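Printed here is entry.txt (compact mmCIF, C-alpha atoms):
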```txt
# COMPACT_ATOMS: atom_id res chain seq x y z
CA MET A 24 3.28 -14.34 2.81
CA ALA A 25 0.93 -14.65 -0.15
CA SER A 26 2.91 -12.32 -2.39
CA GLY A 27 1.45 -13.98 -5.50
CA THR A 28 -1.93 -12.54 -4.60
CA ALA A 29 -0.46 -9.07 -4.14
CA GLU A 30 1.35 -9.33 -7.47
CA ARG A 31 -1.83 -10.45 -9.26
CA LEU A 32 -3.79 -7.59 -7.70
CA TYR A 33 -1.12 -5.06 -8.69
CA GLU A 34 -1.17 -6.37 -12.27
CA LEU A 35 -4.98 -6.18 -12.37
CA ILE A 36 -4.92 -2.57 -11.15
CA LEU A 37 -2.23 -1.73 -13.71
CA GLU A 38 -4.37 -3.32 -16.43
CA ARG A 39 -7.41 -1.24 -15.35
CA LYS A 40 -5.31 1.93 -15.64
CA ARG A 41 -4.05 0.96 -19.11
CA ASN A 42 -7.39 -0.39 -20.38
CA PRO A 43 -10.28 1.08 -18.43
CA ARG A 44 -13.32 -1.13 -17.96
CA ARG A 45 -16.74 0.44 -17.68
CA GLY A 46 -18.24 0.05 -14.22
CA SER A 47 -14.94 -0.87 -12.55
CA TYR A 48 -14.38 0.60 -9.09
CA THR A 49 -10.66 0.79 -9.81
CA CYS A 50 -11.33 2.78 -12.98
CA ARG A 51 -13.58 5.16 -11.05
CA LEU A 52 -10.71 5.76 -8.64
CA PHE A 53 -8.36 6.55 -11.53
CA ASP A 54 -11.01 8.83 -13.03
CA SER A 55 -11.09 10.76 -9.73
CA GLY A 56 -7.43 11.63 -10.27
CA ARG A 57 -4.61 11.86 -7.80
CA GLU A 58 -6.61 13.92 -5.32
CA GLY A 59 -9.49 11.46 -5.30
CA ILE A 60 -7.14 8.52 -4.83
CA LEU A 61 -5.32 10.30 -2.00
CA ARG A 62 -8.63 11.15 -0.32
CA LYS A 63 -9.77 7.53 -0.47
CA PHE A 64 -6.35 6.34 0.77
CA GLY A 65 -6.68 8.68 3.75
CA GLU A 66 -10.18 7.43 4.51
CA GLU A 67 -8.97 3.84 4.46
CA ALA A 68 -6.01 4.65 6.71
CA LEU A 69 -8.39 6.23 9.22
CA GLU A 70 -10.63 3.15 9.09
CA VAL A 71 -7.61 0.98 9.94
CA ILE A 72 -6.87 3.19 12.93
CA LEU A 73 -10.47 3.04 14.10
CA ALA A 74 -10.70 -0.73 13.59
CA SER A 75 -7.58 -1.25 15.67
CA GLY A 76 -9.38 0.30 18.61
CA GLY A 77 -11.04 -2.93 19.67
CA ASP A 78 -13.46 -3.83 16.88
CA GLY A 79 -11.95 -7.28 16.61
CA LYS A 80 -9.37 -8.90 14.41
CA ASP A 81 -11.76 -9.68 11.54
CA ARG A 82 -12.68 -6.02 11.08
CA LEU A 83 -9.04 -4.98 11.32
CA VAL A 84 -8.03 -7.54 8.67
CA HIS A 85 -10.86 -6.28 6.42
CA GLU A 86 -9.77 -2.66 6.77
CA LEU A 87 -6.09 -3.54 6.29
CA ALA A 88 -7.02 -5.33 3.05
CA ASP A 89 -8.86 -2.19 1.89
CA LEU A 90 -5.85 -0.03 2.73
CA PHE A 91 -3.51 -2.44 0.96
CA TYR A 92 -5.66 -2.33 -2.19
CA HIS A 93 -5.79 1.47 -2.13
CA THR A 94 -2.02 1.57 -1.56
CA LEU A 95 -1.58 -0.44 -4.76
CA VAL A 96 -3.91 1.94 -6.63
CA LEU A 97 -1.83 4.88 -5.41
CA MET A 98 1.36 3.10 -6.44
CA VAL A 99 0.04 2.54 -9.97
CA GLN A 100 -1.16 6.15 -10.17
CA GLU A 101 2.28 7.41 -9.18
CA GLY A 102 4.26 4.89 -11.24
CA VAL A 103 5.75 3.06 -8.25
CA THR A 104 6.32 -0.67 -8.66
CA PRO A 105 6.17 -3.28 -5.91
CA GLU A 106 9.81 -4.08 -6.69
CA GLU A 107 10.80 -0.51 -5.84
CA VAL A 108 9.07 -0.74 -2.47
CA ILE A 109 10.62 -4.15 -1.74
CA ASP A 110 14.05 -2.86 -2.78
CA GLU A 111 13.64 0.09 -0.41
CA LEU A 112 12.68 -2.21 2.46
CA GLU A 113 15.57 -4.54 1.71
CA SER A 114 18.00 -1.61 1.67
CA ARG A 115 17.07 -0.95 5.30
CA PHE A 116 18.50 -4.26 6.49
CA ASP A 117 22.12 -4.53 7.58
CA GLY A 118 22.16 -8.28 7.10
CA GLY A 119 21.25 -9.07 10.69
CA GLY A 120 17.58 -8.14 10.61
CA THR A 121 17.99 -4.61 11.92
CA ALA A 122 17.66 -1.31 10.18
CA GLY A 123 21.05 0.03 9.20
CA PRO A 124 22.19 3.43 10.44
CA GLU A 125 22.37 4.79 6.90
CA LYS A 126 18.68 4.09 6.13
CA PRO A 127 16.65 4.06 9.34
CA LEU A 128 13.19 2.55 9.31
CA GLY A 129 10.59 5.24 9.86
CA GLY A 130 12.42 8.08 8.17
CA PRO A 131 15.20 10.45 9.16
CA GLY A 132 15.92 10.55 12.86
CA ARG A 133 13.55 7.70 13.71
CA GLN A 134 15.71 4.61 13.46
CA ARG A 135 14.08 1.42 14.69
CA ASP A 136 15.40 -2.08 15.13
CA LEU A 137 13.53 -4.42 12.80
```

Kindly transcribe the structure held in the file into structure tokens.
Amino acid sequence: MASGTAERLYELILERKRNPRRGSYTCRLFDSGREGILRKFGEEALEVILASGGDGKDRLVHELADLFYHTLVLMVQEGVTPEEVIDELESRFDGGGTAGPEKPLGGPGRQRDL
């Protein structure tokens, strides 16, 4: 996985929040507030769903990248770090590559084998 790219993007988004840059799309998202960011996140999630309906892998990859970016914007807005998300994912492993019974993947009552 190219986690270095994700880390650089997260840091760039964090920098835009701390030091807004005129004309930046990221800054416009932050200016729209939590509701605007959530609305855009929802739009991107829907586009991923639609793209997965047979529009081809390239379109799906494009839409997933958009959703990933908007996920990072939402994380910065809400003060969630990538480390917190990774730690949560890691806590779901029991050491053998499966979700442990104490922290099922997918939320309460929806345990899945990783």

Problem - Between atom CA of A:Leu87 and atom CA of A:Glu67, distance in Å (one decimal) - result: 8.1 Å

Exercise for the section: For stretch 101-110 of chain A, please output as a list in words all residues within 9 Å (counting all atoms listed in the file; exclusion window: fewer than 6 positions along the same chain). Expected result: Ala29, Glu30, Tyr33, Arg57 and Leu95 of chain A

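Distances from A:Val96, A:Val84, A:Ala68, A:Leu90 to A:Cys50 were compared using only C-alpha atoms, and the smallest one belongs to A:Val96.
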
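The coordinates place atom CA of A:Phe64 at 5.7 Å from atom CA of A:His93.
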
Exercise for the section: List every protein, DNA or RNA residue that has an atom no more than 12 Å from (-7.3, 7.2, -8.5) in the file's coordinate frame, counting all atoms listed in the file, and report them as JSON, numbers by chain. Expected result: {"A": [36, 37, 39, 40, 47, 48, 49, 50, 51, 52, 53, 54, 55, 56, 57, 58, 59, 60, 61, 62, 63, 64, 92, 93, 94, 95, 96, 97, 98, 99, 100, 101]}

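Across the structure, atom CA of A:Gly46 and atom CA of A:Glu34 are spaced 18.3 Å apart.
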